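One file, structure-v3.txt, carrying compact mmCIF, C-alpha atoms:
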# COMPACT_ATOMS: atom_id res chain seq x y z
CA MET A 21 4.50 14.38 23.27
CA THR A 22 5.27 15.62 26.76
CA ARG A 23 9.04 15.85 26.42
CA PRO A 24 11.14 17.96 24.05
CA ALA A 25 12.15 16.49 20.73
CA THR A 26 15.80 16.70 21.78
CA ASP A 27 15.22 14.22 24.63
CA PRO A 28 17.65 11.32 24.01
CA THR A 29 14.95 8.75 24.81
CA VAL A 30 12.63 10.24 22.21
CA LEU A 31 15.41 10.43 19.61
CA ARG A 32 16.35 6.77 20.17
CA ALA A 33 12.71 5.73 19.94
CA ARG A 34 12.35 7.71 16.72
CA ARG A 35 15.32 5.95 15.14
CA SER A 36 13.76 2.63 16.13
CA TRP A 37 10.47 3.71 14.58
CA TYR A 38 12.21 4.33 11.24
CA VAL A 39 13.24 0.67 11.16
CA TYR A 40 9.67 -0.60 10.84
CA ASP A 41 9.36 0.93 7.37
CA TRP A 42 12.67 -0.77 6.53
CA ALA A 43 11.24 -4.06 7.87
CA ASN A 44 7.83 -4.26 6.19
CA SER A 45 8.81 -2.77 2.83
CA ALA A 46 10.77 -5.93 2.03
CA PHE A 47 7.50 -7.87 2.08
CA VAL A 48 5.72 -5.20 0.05
CA THR A 49 8.31 -5.19 -2.73
CA THR A 50 9.51 -8.79 -2.91
CA THR A 51 6.23 -10.57 -2.14
CA GLN A 52 3.28 -8.29 -2.85
CA THR A 53 4.67 -6.44 -5.83
CA VAL A 54 6.78 -9.04 -7.64
CA LEU A 55 6.71 -12.72 -6.73
CA PHE A 56 3.42 -13.70 -5.11
CA SER A 57 0.89 -13.10 -7.91
CA PRO A 58 2.86 -14.81 -10.71
CA TYR A 59 3.76 -17.79 -8.51
CA LEU A 60 0.21 -18.23 -7.22
CA THR A 61 -0.97 -18.20 -10.84
CA VAL A 62 1.48 -21.02 -11.66
CA LEU A 63 0.17 -23.11 -8.75
CA ALA A 64 -3.46 -22.43 -9.67
CA ARG A 65 -2.93 -23.51 -13.27
CA ARG A 66 -1.08 -26.60 -12.10
CA ALA A 67 -4.05 -27.52 -9.92
CA ALA A 68 -6.67 -26.79 -12.60
CA CYS A 69 -4.78 -28.57 -15.40
CA PRO A 70 -2.28 -31.04 -13.92
CA ASP A 71 -1.61 -32.56 -17.35
CA GLU A 72 -1.02 -29.36 -19.33
CA PRO A 73 -0.73 -26.33 -17.01
CA THR A 74 0.86 -24.06 -19.63
CA GLY A 75 -2.18 -24.08 -21.90
CA CYS A 76 -4.79 -24.39 -19.18
CA THR A 77 -8.29 -23.08 -19.94
CA ARG A 78 -10.13 -24.73 -17.04
CA ASP A 79 -11.42 -22.93 -13.96
CA LEU A 80 -10.72 -23.66 -10.34
CA THR A 81 -13.63 -24.09 -7.95
CA VAL A 82 -13.25 -21.79 -4.96
CA LEU A 83 -16.06 -21.90 -2.41
CA GLY A 84 -18.35 -23.17 -5.16
CA LEU A 85 -17.43 -20.37 -7.58
CA PRO A 86 -15.59 -20.88 -10.89
CA ILE A 87 -12.36 -18.88 -10.81
CA ALA A 88 -9.93 -18.57 -13.69
CA PRO A 89 -6.41 -19.44 -12.47
CA GLY A 90 -5.08 -16.21 -13.94
CA SER A 91 -7.52 -14.14 -11.87
CA LEU A 92 -7.02 -15.91 -8.55
CA ALA A 93 -4.23 -13.61 -7.33
CA LEU A 94 -6.25 -10.49 -8.16
CA TYR A 95 -9.28 -11.80 -6.29
CA THR A 96 -7.06 -12.68 -3.33
CA ILE A 97 -5.80 -9.09 -3.17
CA THR A 98 -9.40 -7.84 -3.39
CA VAL A 99 -10.59 -10.01 -0.50
CA ALA A 100 -7.57 -9.10 1.64
CA THR A 101 -8.18 -5.40 1.06
CA LEU A 102 -11.88 -5.69 1.94
CA LEU A 103 -11.04 -7.59 5.14
CA SER A 104 -8.54 -4.87 6.03
CA ALA A 105 -11.16 -2.17 5.50
CA VAL A 106 -13.53 -3.93 7.87
CA LEU A 107 -10.88 -4.37 10.55
CA LEU A 108 -9.31 -0.91 10.43
CA PRO A 109 -11.86 0.78 12.77
CA PHE A 110 -11.32 -1.95 15.38
CA VAL A 111 -7.55 -1.59 15.09
CA GLY A 112 -7.84 2.18 15.46
CA ALA A 113 -10.02 1.77 18.56
CA LEU A 114 -7.54 -0.65 20.07
CA ALA A 115 -4.53 1.54 19.27
CA ASP A 116 -6.17 4.62 20.81
CA ARG A 117 -7.06 2.71 23.96
CA THR A 118 -3.70 1.12 24.78
CA GLN A 119 -0.74 2.63 26.60
CA HIS A 120 1.78 0.49 24.71
CA ARG A 121 1.23 0.77 20.97
CA HIS A 122 4.56 -0.87 20.21
CA ARG A 123 3.20 -4.17 21.55
CA LEU A 124 0.33 -4.02 19.09
CA LEU A 125 2.78 -3.19 16.33
CA GLY A 126 4.86 -6.23 17.14
CA GLY A 127 1.84 -8.51 17.44
CA PHE A 128 0.41 -7.62 14.03
CA ALA A 129 3.85 -7.57 12.38
CA TRP A 130 4.95 -10.96 13.67
CA VAL A 131 1.69 -12.65 12.69
CA GLY A 132 2.09 -11.24 9.19
CA ALA A 133 5.78 -12.12 9.04
CA ALA A 134 5.05 -15.70 10.12
CA ALA A 135 2.47 -16.07 7.33
CA ALA A 136 4.89 -14.54 4.82
CA THR A 137 7.68 -16.89 5.87
CA ALA A 138 5.35 -19.90 5.61
CA MET A 139 4.91 -19.15 1.89
CA VAL A 140 7.97 -21.33 1.39
CA ALA A 141 5.50 -24.25 1.66
CA MET A 142 3.43 -23.10 -1.35
CA GLY A 143 4.85 -25.71 -3.75
CA GLY A 144 3.05 -28.35 -5.80
CA ASP A 145 -0.55 -27.38 -6.46
CA ARG A 146 -1.19 -25.84 -3.03
CA TRP A 147 -2.71 -22.61 -4.31
CA TRP A 148 -5.18 -22.63 -1.41
CA LEU A 149 -2.30 -22.36 1.06
CA GLY A 150 -0.99 -19.33 -0.81
CA VAL A 151 -4.41 -17.66 -0.67
CA LEU A 152 -4.78 -18.23 3.08
CA LEU A 153 -1.25 -17.07 3.88
CA ALA A 154 -1.64 -13.98 1.71
CA LEU A 155 -4.88 -13.03 3.45
CA VAL A 156 -3.24 -13.29 6.87
CA ALA A 157 -0.06 -11.50 5.81
CA VAL A 158 -1.72 -8.60 3.96
CA VAL A 159 -4.37 -7.99 6.63
CA SER A 160 -1.71 -8.11 9.36
CA LEU A 161 0.47 -5.69 7.40
CA THR A 162 -2.39 -3.21 6.98
CA CYS A 163 -3.24 -3.36 10.68
CA SER A 164 0.40 -2.88 11.66
CA LEU A 165 0.68 0.16 9.40
CA VAL A 166 -2.29 1.80 11.13
CA VAL A 167 -0.54 1.35 14.49
CA ASN A 168 2.76 2.52 13.02
CA ASP A 169 1.12 5.71 11.74
CA ALA A 170 -0.29 6.36 15.21
CA LEU A 171 3.17 5.89 16.71
CA LEU A 172 4.40 8.79 14.58
CA CYS A 173 2.57 11.09 17.01
CA ASP A 174 4.43 9.50 19.93
CA VAL A 175 7.92 10.00 18.51
CA SER A 176 7.60 13.50 17.03
CA ASP A 177 6.03 16.88 17.66
CA PRO A 178 3.62 18.27 15.01
CA GLU A 179 6.19 20.58 13.47
CA GLU A 180 8.62 17.67 12.99
CA ARG A 181 6.29 15.12 11.46
CA ASP A 182 6.89 15.97 7.81
CA THR A 183 10.61 15.34 8.25
CA VAL A 184 10.22 12.30 10.49
CA SER A 185 7.61 10.69 8.25
CA SER A 186 9.72 11.32 5.13
CA ARG A 187 12.73 9.68 6.72
CA GLY A 188 10.60 6.65 7.54
CA TRP A 189 9.47 6.39 3.91
CA ALA A 190 13.10 6.72 2.79
CA ALA A 191 14.11 3.87 5.09
CA GLY A 192 11.31 1.81 3.59
CA TYR A 193 12.42 2.39 0.02
CA LEU A 194 15.99 1.48 0.96
CA GLY A 195 14.96 -1.69 2.81
CA GLY A 196 12.69 -2.87 0.01
CA PHE A 197 15.36 -2.16 -2.59
CA THR A 198 18.07 -3.98 -0.61
CA LEU A 199 16.27 -7.31 -0.15
CA LEU A 200 14.80 -7.17 -3.64
CA ALA A 201 18.31 -6.80 -5.08
CA VAL A 202 19.43 -9.90 -3.15
CA ASN A 203 16.39 -11.86 -4.33
CA LEU A 204 17.03 -10.76 -7.89
CA LEU A 205 20.44 -12.40 -7.62
CA VAL A 206 18.91 -15.60 -6.22
CA VAL A 207 16.09 -15.85 -8.78
CA SER A 208 18.41 -14.98 -11.68
CA ASN A 209 21.04 -17.57 -10.71
CA PRO A 210 19.26 -20.33 -8.77
CA GLY A 211 21.84 -22.96 -9.69
CA THR A 212 24.59 -20.95 -8.00
CA PHE A 213 22.76 -21.43 -4.70
CA GLY A 214 21.82 -25.05 -5.33
CA LEU A 215 18.18 -24.22 -6.03
CA THR A 216 15.70 -24.92 -8.80
CA ASP A 217 13.82 -22.01 -10.40
CA GLU A 218 10.75 -22.70 -8.28
CA TRP A 219 12.66 -23.11 -5.06
CA ALA A 220 14.44 -19.82 -5.72
CA VAL A 221 11.04 -18.10 -5.74
CA ARG A 222 9.90 -19.93 -2.60
CA VAL A 223 13.08 -19.08 -0.70
CA SER A 224 12.77 -15.44 -1.77
CA LEU A 225 9.19 -15.32 -0.51
CA ALA A 226 10.31 -16.73 2.84
CA SER A 227 13.22 -14.27 3.05
CA ALA A 228 10.77 -11.35 2.96
CA GLY A 229 8.89 -12.76 5.95
CA ILE A 230 12.08 -13.43 7.89
CA TRP A 231 13.38 -9.93 7.15
CA TRP A 232 10.07 -8.40 8.24
CA GLY A 233 9.96 -10.37 11.49
CA LEU A 234 13.59 -9.92 12.52
CA PHE A 235 13.81 -6.19 11.90
CA THR A 236 10.51 -5.62 13.72
CA ILE A 237 12.39 -6.50 16.90
CA VAL A 238 14.18 -3.14 16.66
CA PRO A 239 11.09 -0.86 16.87
CA VAL A 240 9.37 -3.06 19.43
CA LEU A 241 12.37 -2.89 21.77
CA GLY A 242 13.26 0.72 20.98
CA LEU A 243 9.75 2.12 21.39
CA ARG A 244 9.22 0.50 24.76
CA ARG A 245 11.51 3.17 26.23
CA LEU A 246 8.81 5.76 25.65
CA PRO A 247 6.69 6.50 28.72
CA PRO A 248 3.24 4.88 28.70
CA ARG A 249 0.93 7.14 26.76
CA PRO A 250 -2.44 8.23 28.23
CA VAL A 251 -5.30 6.24 26.77
CA LEU A 252 -8.06 7.96 24.83
CA ASP A 253 -9.89 10.27 27.21
CA LEU A 254 -13.61 9.65 27.00
CA ALA A 255 -16.28 11.88 28.45
CA PRO A 256 -18.14 10.57 31.50
CA GLY A 257 -20.72 8.03 30.41
CA ALA A 258 -19.22 7.70 26.92
CA SER A 259 -18.99 4.27 25.47
CA ARG A 260 -15.69 2.39 25.53
CA SER A 261 -16.97 -0.30 23.21
CA LEU A 262 -15.43 -1.07 19.85
CA ALA A 263 -18.48 0.57 18.27
CA ALA A 264 -17.15 3.98 19.37
CA PRO A 265 -14.84 4.47 16.35
CA PHE A 266 -17.73 3.75 14.02
CA ARG A 267 -19.80 6.47 15.64
CA GLN A 268 -16.83 8.83 15.37
CA LEU A 269 -16.46 7.91 11.70
CA VAL A 270 -20.13 8.73 11.09
CA SER A 271 -19.62 12.09 12.82
CA THR A 272 -16.59 12.85 10.66
CA LEU A 273 -18.39 11.89 7.47
CA ARG A 274 -21.30 14.14 8.39
CA GLY A 275 -18.85 16.98 8.95
CA LEU A 276 -17.59 16.59 5.38
CA ARG A 277 -20.66 18.41 4.09
CA HIS A 278 -19.28 21.58 5.68
CA HIS A 279 -16.01 21.07 3.76
CA PRO A 280 -17.10 20.21 0.21
CA GLN A 281 -13.60 20.64 -1.26
CA VAL A 282 -12.25 17.97 1.10
CA LEU A 283 -15.07 15.64 0.04
CA ARG A 284 -14.44 16.28 -3.64
CA PHE A 285 -10.75 15.65 -3.25
CA LEU A 286 -11.31 12.45 -1.28
CA LEU A 287 -13.69 11.10 -3.92
CA ALA A 288 -11.19 11.92 -6.66
CA TYR A 289 -8.31 10.40 -4.69
CA LEU A 290 -10.19 7.20 -3.86
CA ILE A 291 -10.81 6.64 -7.56
CA PHE A 292 -7.48 7.53 -9.15
CA ASN A 293 -5.45 5.97 -6.31
CA ASP A 294 -7.42 2.74 -6.83
CA GLY A 295 -6.24 2.81 -10.43
CA ILE A 296 -2.63 3.42 -9.39
CA GLN A 297 -2.62 0.64 -6.83
CA THR A 298 -4.19 -1.80 -9.29
CA VAL A 299 -1.60 -1.05 -11.97
CA ILE A 300 1.16 -1.72 -9.44
CA ALA A 301 -0.50 -4.87 -8.07
CA ALA A 302 -1.25 -6.30 -11.52
CA SER A 303 2.04 -5.36 -13.18
CA SER A 304 3.90 -8.52 -12.23
CA VAL A 305 1.19 -10.95 -13.35
CA TYR A 306 0.68 -8.89 -16.54
CA GLY A 307 4.40 -8.95 -17.25
CA GLN A 308 4.65 -12.70 -16.70
CA GLU A 309 1.45 -13.97 -18.25
CA GLU A 310 0.82 -11.49 -21.08
CA LEU A 311 4.36 -10.43 -21.98
CA GLY A 312 6.29 -13.57 -21.06
CA PHE A 313 8.87 -12.05 -18.71
CA THR A 314 10.73 -14.12 -16.12
CA SER A 315 10.74 -13.54 -12.36
CA ALA A 316 14.27 -12.12 -12.66
CA GLN A 317 13.11 -9.61 -15.27
CA LEU A 318 10.17 -8.59 -13.09
CA LEU A 319 12.47 -8.12 -10.11
CA THR A 320 14.71 -5.90 -12.24
CA THR A 321 11.67 -3.87 -13.26
CA VAL A 322 10.57 -3.23 -9.68
CA LEU A 323 14.11 -2.26 -8.66
CA LEU A 324 14.17 0.29 -11.45
CA VAL A 325 10.75 1.68 -10.49
CA GLN A 326 11.81 2.02 -6.84
CA ALA A 327 14.98 3.89 -7.76
CA VAL A 328 13.29 6.27 -10.21
CA ALA A 329 10.43 7.01 -7.78
CA PHE A 330 12.85 9.05 -5.66
CA VAL A 331 13.62 11.25 -8.64
CA GLY A 332 9.94 11.46 -9.58
CA ALA A 333 8.98 12.88 -6.21
CA LEU A 334 11.67 15.57 -6.48
CA VAL A 335 10.78 16.49 -10.07
CA PHE A 336 7.07 16.71 -9.32
CA GLY A 337 7.85 18.81 -6.25
CA ARG A 338 9.64 21.35 -8.43
CA LEU A 339 6.81 21.32 -10.96
CA ALA A 340 4.29 21.91 -8.19
CA GLY A 341 6.24 24.97 -7.09
CA ARG A 342 5.84 26.39 -10.58
CA PHE A 343 2.40 25.18 -11.68
CA GLY A 344 0.68 24.32 -8.40
CA ALA A 345 0.07 20.91 -6.82
CA GLN A 346 -3.39 20.43 -8.32
CA ARG A 347 -2.25 21.02 -11.92
CA THR A 348 0.82 18.86 -11.39
CA VAL A 349 -1.24 15.96 -10.05
CA LEU A 350 -3.57 16.30 -13.03
CA GLY A 351 -0.51 16.16 -15.27
CA GLY A 352 0.56 13.04 -13.41
CA LEU A 353 -2.82 11.41 -14.04
CA ALA A 354 -2.45 12.21 -17.75
CA LEU A 355 0.89 10.41 -17.66
CA TRP A 356 -0.76 7.42 -15.93
CA ILE A 357 -3.15 7.22 -18.88
CA VAL A 358 -0.13 7.20 -21.19
CA VAL A 359 1.42 4.44 -19.04
CA VAL A 360 -1.66 2.22 -19.38
CA LEU A 361 -1.92 2.76 -23.14
CA CYS A 362 1.79 2.07 -23.63
CA ALA A 363 1.62 -1.08 -21.49
CA PHE A 364 -1.29 -2.29 -23.62
CA ALA A 365 0.85 -1.82 -26.75
CA VAL A 366 4.07 -3.45 -25.46
CA PRO A 367 4.80 -6.50 -27.67
CA ARG A 368 5.30 -9.84 -25.98
CA GLY A 369 8.94 -10.29 -24.97
CA ALA A 370 9.94 -6.64 -25.56
CA PHE A 371 11.82 -6.22 -22.30
CA SER A 372 13.70 -3.05 -23.30
CA THR A 373 10.39 -1.34 -24.08
CA TRP A 374 9.03 -2.59 -20.75
CA LEU A 375 11.99 -1.08 -18.88
CA ALA A 376 11.46 2.27 -20.60
CA LEU A 377 7.86 2.14 -19.41
CA ALA A 378 9.10 1.29 -15.89
CA VAL A 379 11.08 4.55 -15.85
CA LEU A 380 7.90 6.48 -16.67
CA ILE A 381 6.00 4.58 -13.98
CA GLY A 382 8.67 5.42 -11.41
CA LEU A 383 8.58 9.11 -12.26
CA VAL A 384 4.81 9.41 -12.08
CA LEU A 385 4.39 7.05 -9.09
CA GLY A 386 6.59 9.00 -6.69
CA GLY A 387 5.24 12.35 -7.89
CA THR A 388 1.48 11.74 -7.78
CA GLN A 389 1.51 10.06 -4.37
CA ALA A 390 3.75 12.68 -2.74
CA LEU A 391 1.76 15.64 -4.08
CA SER A 392 -1.64 14.07 -3.34
CA ARG A 393 -0.75 13.97 0.35
CA SER A 394 0.56 17.55 0.42
CA LEU A 395 -2.45 18.86 -1.50
CA PHE A 396 -4.84 17.14 0.90
CA SER A 397 -2.99 18.57 3.90
CA ARG A 398 -3.89 22.09 2.73
CA LEU A 399 -7.60 21.22 2.68
CA VAL A 400 -7.82 19.56 6.10
CA PRO A 401 -9.71 21.75 8.64
CA ARG A 402 -7.71 22.93 11.62
CA GLY A 403 -8.50 21.06 14.80
CA ALA A 404 -9.57 17.88 13.00
CA GLU A 405 -6.35 16.82 11.28
CA ALA A 406 -6.22 13.30 12.72
CA GLU A 407 -9.84 12.53 11.83
CA TYR A 408 -9.53 13.68 8.25
CA PHE A 409 -6.16 12.06 7.67
CA SER A 410 -7.66 8.80 8.92
CA LEU A 411 -10.08 9.02 5.99
CA TYR A 412 -7.15 9.66 3.66
CA GLN A 413 -5.27 6.64 5.01
CA ALA A 414 -8.38 4.46 4.74
CA GLY A 415 -8.72 5.49 1.12
CA GLU A 416 -5.06 4.75 0.44
CA ARG A 417 -4.73 1.45 2.28
CA GLY A 418 -8.14 0.11 3.15
CA THR A 419 -10.55 0.72 0.27
CA SER A 420 -8.51 0.11 -2.91
CA TRP A 421 -10.33 -3.02 -4.00
CA LEU A 422 -12.55 -2.10 -6.93
CA GLY A 423 -9.67 -1.81 -9.38
CA THR A 424 -8.33 -5.31 -8.71
CA LEU A 425 -11.87 -6.67 -8.90
CA VAL A 426 -12.45 -5.01 -12.29
CA PHE A 427 -9.09 -6.18 -13.58
CA GLY A 428 -9.75 -9.76 -12.48
CA LEU A 429 -13.28 -9.86 -13.88
CA VAL A 430 -12.31 -8.45 -17.28
CA ALA A 431 -9.35 -10.81 -17.49
CA GLN A 432 -11.61 -13.78 -16.70
CA LEU A 433 -14.35 -12.73 -19.15
CA THR A 434 -12.00 -11.93 -22.04
CA GLY A 435 -9.24 -14.45 -21.39
CA SER A 436 -6.61 -11.71 -21.76
CA TYR A 437 -4.93 -9.20 -19.48
CA ARG A 438 -4.68 -6.51 -22.18
CA PRO A 439 -8.38 -5.48 -22.16
CA ALA A 440 -8.31 -5.78 -18.36
CA LEU A 441 -5.52 -3.19 -18.31
CA VAL A 442 -7.43 -0.85 -20.63
CA ALA A 443 -10.45 -1.05 -18.30
CA LEU A 444 -8.34 0.73 -15.66
CA LEU A 445 -8.30 3.90 -17.78
CA ALA A 446 -11.71 4.72 -16.34
CA PHE A 447 -10.21 5.20 -12.86
CA PHE A 448 -7.72 7.79 -14.07
CA VAL A 449 -10.18 9.63 -16.30
CA VAL A 450 -12.94 9.81 -13.68
CA GLY A 451 -10.46 10.69 -10.93
CA ALA A 452 -8.98 13.49 -13.01
CA VAL A 453 -12.40 14.94 -13.85
CA LEU A 454 -13.36 14.97 -10.17
CA LEU A 455 -10.02 16.54 -9.23
CA THR A 456 -10.63 19.44 -11.64
CA ARG A 457 -13.77 20.25 -9.65
CA VAL A 458 -11.80 20.83 -6.44
CA ASP A 459 -11.53 24.55 -5.66
CA VAL A 460 -8.25 24.55 -3.73
CA ALA A 461 -8.42 28.24 -2.77
CA ALA A 462 -11.91 27.82 -1.30
CA GLY A 463 -10.81 24.64 0.44
CA VAL A 464 -7.88 26.40 2.09
CA GLN A 465 -10.19 29.14 3.38
CA GLN A 466 -12.59 26.53 4.76
CA ALA A 467 -9.68 24.69 6.42
CA GLN A 468 -8.49 27.85 8.16
CA ARG A 469 -11.93 28.26 9.76
CA GLY A 470 -11.61 24.82 11.31
CA THR A 471 -14.49 22.45 11.86
CA ASP A 472 -18.02 23.72 11.53
CA PRO A 473 -19.69 24.46 14.86
CA VAL A 474 -22.79 22.61 13.80
CA ARG A 475 -20.75 19.44 13.89

As structure tokens, the full file:
Amino acid sequence: MTRPATDPTVLRARRSWYVYDWANSAFVTTTQTVLFSPYLTVLARRAACPDEPTGCTRDLTVLGLPIAPGSLALYTITVATLLSAVLLPFVGALADRTQHRHRLLGGFAWVGAAAATAMVAMGGDRWWLGVLLALVAVVSLTCSLVVNDALLCDVSDPEERDTVSSRGWAAGYLGGFTLLAVNLLVVSNPGTFGLTDEWAVRVSLASAGIWWGLFTIVPVLGLRRLPPRPVLDLAPGASRSLAAPFRQLVSTLRGLRHHPQVLRFLLAYLIFNDGIQTVIAASSVYGQEELGFTSAQLLTTVLLVQAVAFVGALVFGRLAGRFGAQRTVLGGLALWIVVVLCAFAVPRGAFSTWLALAVLIGLVLGGTQALSRSLFSRLVPRGAEAEYFSLYQAGERGTSWLGTLVFGLVAQLTGSYRPALVALLAFFVVGAVLLTRVDVAAGVQQAQRGTDPVR
């Protein structure tokens, strides 16, 4: 930033920036977390077994491959995540080479919002439409989040970013909670609004897209007041091609050998975060298909998790002050193992037990994610913060695909989601073992020395 943080233009732009978390979180909670996977599964079974969809044991044929209807949503998430991982370097190159990042933000967001809104047309047996729309929406969301993270540097000075970023996350939780509460009312009482059960789900899916698109207008208009930012300054003769970020990524990865604690942490984080994201992504389809819960019950569950996650972050923060962040995260991973084992043992239809488990998920979800970021920040070498945090963000948002793939494959091979859930224990166990090998004190000393001159 070239102007003080008290500049009214910067403050107005910052408030506009907060609104994008409010906007996109409605899609994340209502569509990604709760409604999409169970509804796509219903459509897939209807297409595979039009005569008896409830007891369907036939496979769909997708691009010549046999796919169990119950695994289709998990595979869709896997493909979307892989596509995002491939596109992220191009998006980063584009964002670093444009003077008006807010335009990119709006472009990606509105494409994703349009796809999310179009999910209202997913009725009948049109599972293929759901897959295509989900791919567009999820990839667009991921790209927009990369641009939104870059905009954080335009609306705040380094010493402010913890506070500014936290307020953005808070706005996101509030936005996701608000629309999800409305959709819970619609799905729970469809007749009150003149809707069938299925149409209530379709309208709720569309509402998330409309919410996302409309509220994106606020940051796009508010951020345009910022002065054009200087584009990435390249050395004379340096390449301006889209291959440049890949070469920079290779350089950063090579530099990791001079910071072994960062590498160890990243490997641990990539593994246990994959497990966390898969549990969250698969929870709705597990609750519907294996435990027999309704969409309204699943919406209630997510609302509870969102609310408790606030408390979890605060509790884990206090525990970290007493026991250290590394030990507290390890304790959180132990609780994730308990979560998976308890979810495996929940009897079909036991909603009260499921809600008790949701409270535990909320506590551990907010805590482990908040402390993982703060722990990593202590290991990042001075002078290379942006490069190393780009690896962290890629691990969090762009490479979490193996867990959903494992879950889908085990579910297809066994015909049950319970063994698929147990298979996820490996991610938490392996991640925890790797995390114990991180020497935080040594990592902090390495970080204070900055990047290695050899690099």

Counting all atoms listed in the file, which residues of range 348-382 of chain A sit at most 10 Å from some atom of range 449-457 of chain A, and what is each one's closest atom pair with its distance in Å to one decimal, listed by chain and rising residue number, as a tab-separated table?
residue	atom	partner	partner_atom	distance
A:Val349	CA	A:Ala452	CA	8.6
A:Leu350	CA	A:Ala452	CA	6.1
A:Gly351	CA	A:Ala452	CA	9.2
A:Gly352	CA	A:Ala452	CA	9.6
A:Leu353	CA	A:Ala452	CA	6.6
A:Ala354	CA	A:Ala452	CA	8.2
A:Trp356	CA	A:Val449	CA	9.7
A:Ile357	CA	A:Val449	CA	7.9

Take the point (-7.4, -10.5, -15.6) as written in the file and pick out every residue within 10 Å of it, counting all atoms listed in the file; give the list as a PDB file with C-alpha atoms, keeping the file's coordinate frame.
ATOM      1  CA  ALA A  88      -9.930 -18.570 -13.690  1.00  0.00           C
ATOM      2  CA  PRO A  89      -6.410 -19.440 -12.470  1.00  0.00           C
ATOM      3  CA  GLY A  90      -5.080 -16.210 -13.940  1.00  0.00           C
ATOM      4  CA  SER A  91      -7.520 -14.140 -11.870  1.00  0.00           C
ATOM      5  CA  LEU A  92      -7.020 -15.910  -8.550  1.00  0.00           C
ATOM      6  CA  ALA A  93      -4.230 -13.610  -7.330  1.00  0.00           C
ATOM      7  CA  LEU A  94      -6.250 -10.490  -8.160  1.00  0.00           C
ATOM      8  CA  TYR A  95      -9.280 -11.800  -6.290  1.00  0.00           C
ATOM      9  CA  ALA A 302      -1.250  -6.300 -11.520  1.00  0.00           C
ATOM     10  CA  VAL A 305       1.190 -10.950 -13.350  1.00  0.00           C
ATOM     11  CA  TYR A 306       0.680  -8.890 -16.540  1.00  0.00           C
ATOM     12  CA  GLU A 309       1.450 -13.970 -18.250  1.00  0.00           C
ATOM     13  CA  GLU A 310       0.820 -11.490 -21.080  1.00  0.00           C
ATOM     14  CA  THR A 424      -8.330  -5.310  -8.710  1.00  0.00           C
ATOM     15  CA  LEU A 425     -11.870  -6.670  -8.900  1.00  0.00           C
ATOM     16  CA  VAL A 426     -12.450  -5.010 -12.290  1.00  0.00           C
ATOM     17  CA  PHE A 427      -9.090  -6.180 -13.580  1.00  0.00           C
ATOM     18  CA  GLY A 428      -9.750  -9.760 -12.480  1.00  0.00           C
ATOM     19  CA  LEU A 429     -13.280  -9.860 -13.880  1.00  0.00           C
ATOM     20  CA  VAL A 430     -12.310  -8.450 -17.280  1.00  0.00           C
ATOM     21  CA  ALA A 431      -9.350 -10.810 -17.490  1.00  0.00           C
ATOM     22  CA  GLN A 432     -11.610 -13.780 -16.700  1.00  0.00           C
ATOM     23  CA  LEU A 433     -14.350 -12.730 -19.150  1.00  0.00           C
ATOM     24  CA  THR A 434     -12.000 -11.930 -22.040  1.00  0.00           C
ATOM     25  CA  GLY A 435      -9.240 -14.450 -21.390  1.00  0.00           C
ATOM     26  CA  SER A 436      -6.610 -11.710 -21.760  1.00  0.00           C
ATOM     27  CA  TYR A 437      -4.930  -9.200 -19.480  1.00  0.00           C
ATOM     28  CA  ARG A 438      -4.680  -6.510 -22.180  1.00  0.00           C
ATOM     29  CA  PRO A 439      -8.380  -5.480 -22.160  1.00  0.00           C
ATOM     30  CA  ALA A 440      -8.310  -5.780 -18.360  1.00  0.00           C
ATOM     31  CA  LEU A 441      -5.520  -3.190 -18.310  1.00  0.00           C
TER      32      LEU A 441
END

Query raised in the report: If you measure from CA of Leu225 in chain A to CA of Phe47 in chain A, what distance in Å do you get, rounded to one decimal?
Result: 8.1 Å

Query raised in the report: Of the candidates A:Val360, A:Leu243, A:Leu395, A:Leu161, which shows the shortest atom-to-atom distance to Thr348 in chain A, using all atoms listed in the file?
Result: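 For Thr348 in chain A, the nearest of the given residues is A:Leu395.
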
Query raised in the report: Any idea what's packed within 9 Å of Thr320 in chain A, counting all atoms listed in the file, ignoring anything in its chain fewer than 2 positions away? Could you give it as JSON, numbers by chain?
Result: {"A": [200, 201, 204, 315, 316, 317, 318, 322, 323, 324, 325, 375]}

Query raised in the report: Using only C-alpha atoms, which of the listed residues (A:Ile87, A:Ala329, A:Val282, A:Val151) sits closest to Tyr193 in chain A?
Result: A:Ala329

Query raised in the report: Restricting the calculation to only C-alpha atoms, which member of A:Val223, A:Ala363, A:Tyr289, A:Gln297 is positioned closest to Leu311 in chain A?
Result: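 Ranking A:Val223, A:Ala363, A:Tyr289, A:Gln297 by distance to Leu311 in chain A, first place goes to A:Ala363.
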
Query raised in the report: Smallest atom-to-atom distance to Val167 in chain A: which of A:Gly150, A:Tyr40, A:Leu83, A:Phe371, using all atoms listed in the file?
Result: A:Tyr40

Query - Among the residues A:Thr61, A:Thr51, A:Ser36, A:Thr118, the one that comes closest to Val140 in chain A [using only C-alpha atoms] - result: A:Thr51

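Shortest separation to Val366 in chain A among A:Ala327, A:Gly307, A:Ala43, A:Thr388 occurs at residue A:Gly307, atoms counted being all atoms listed in the file.
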
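Our summary of the geometry notes that CA of Val48 in chain A is positioned 22.7 Å from CA of Ala376 in chain A.
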
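Between CA of Val206 in chain A and CA of Ala220 in chain A the separation is 6.2 Å.
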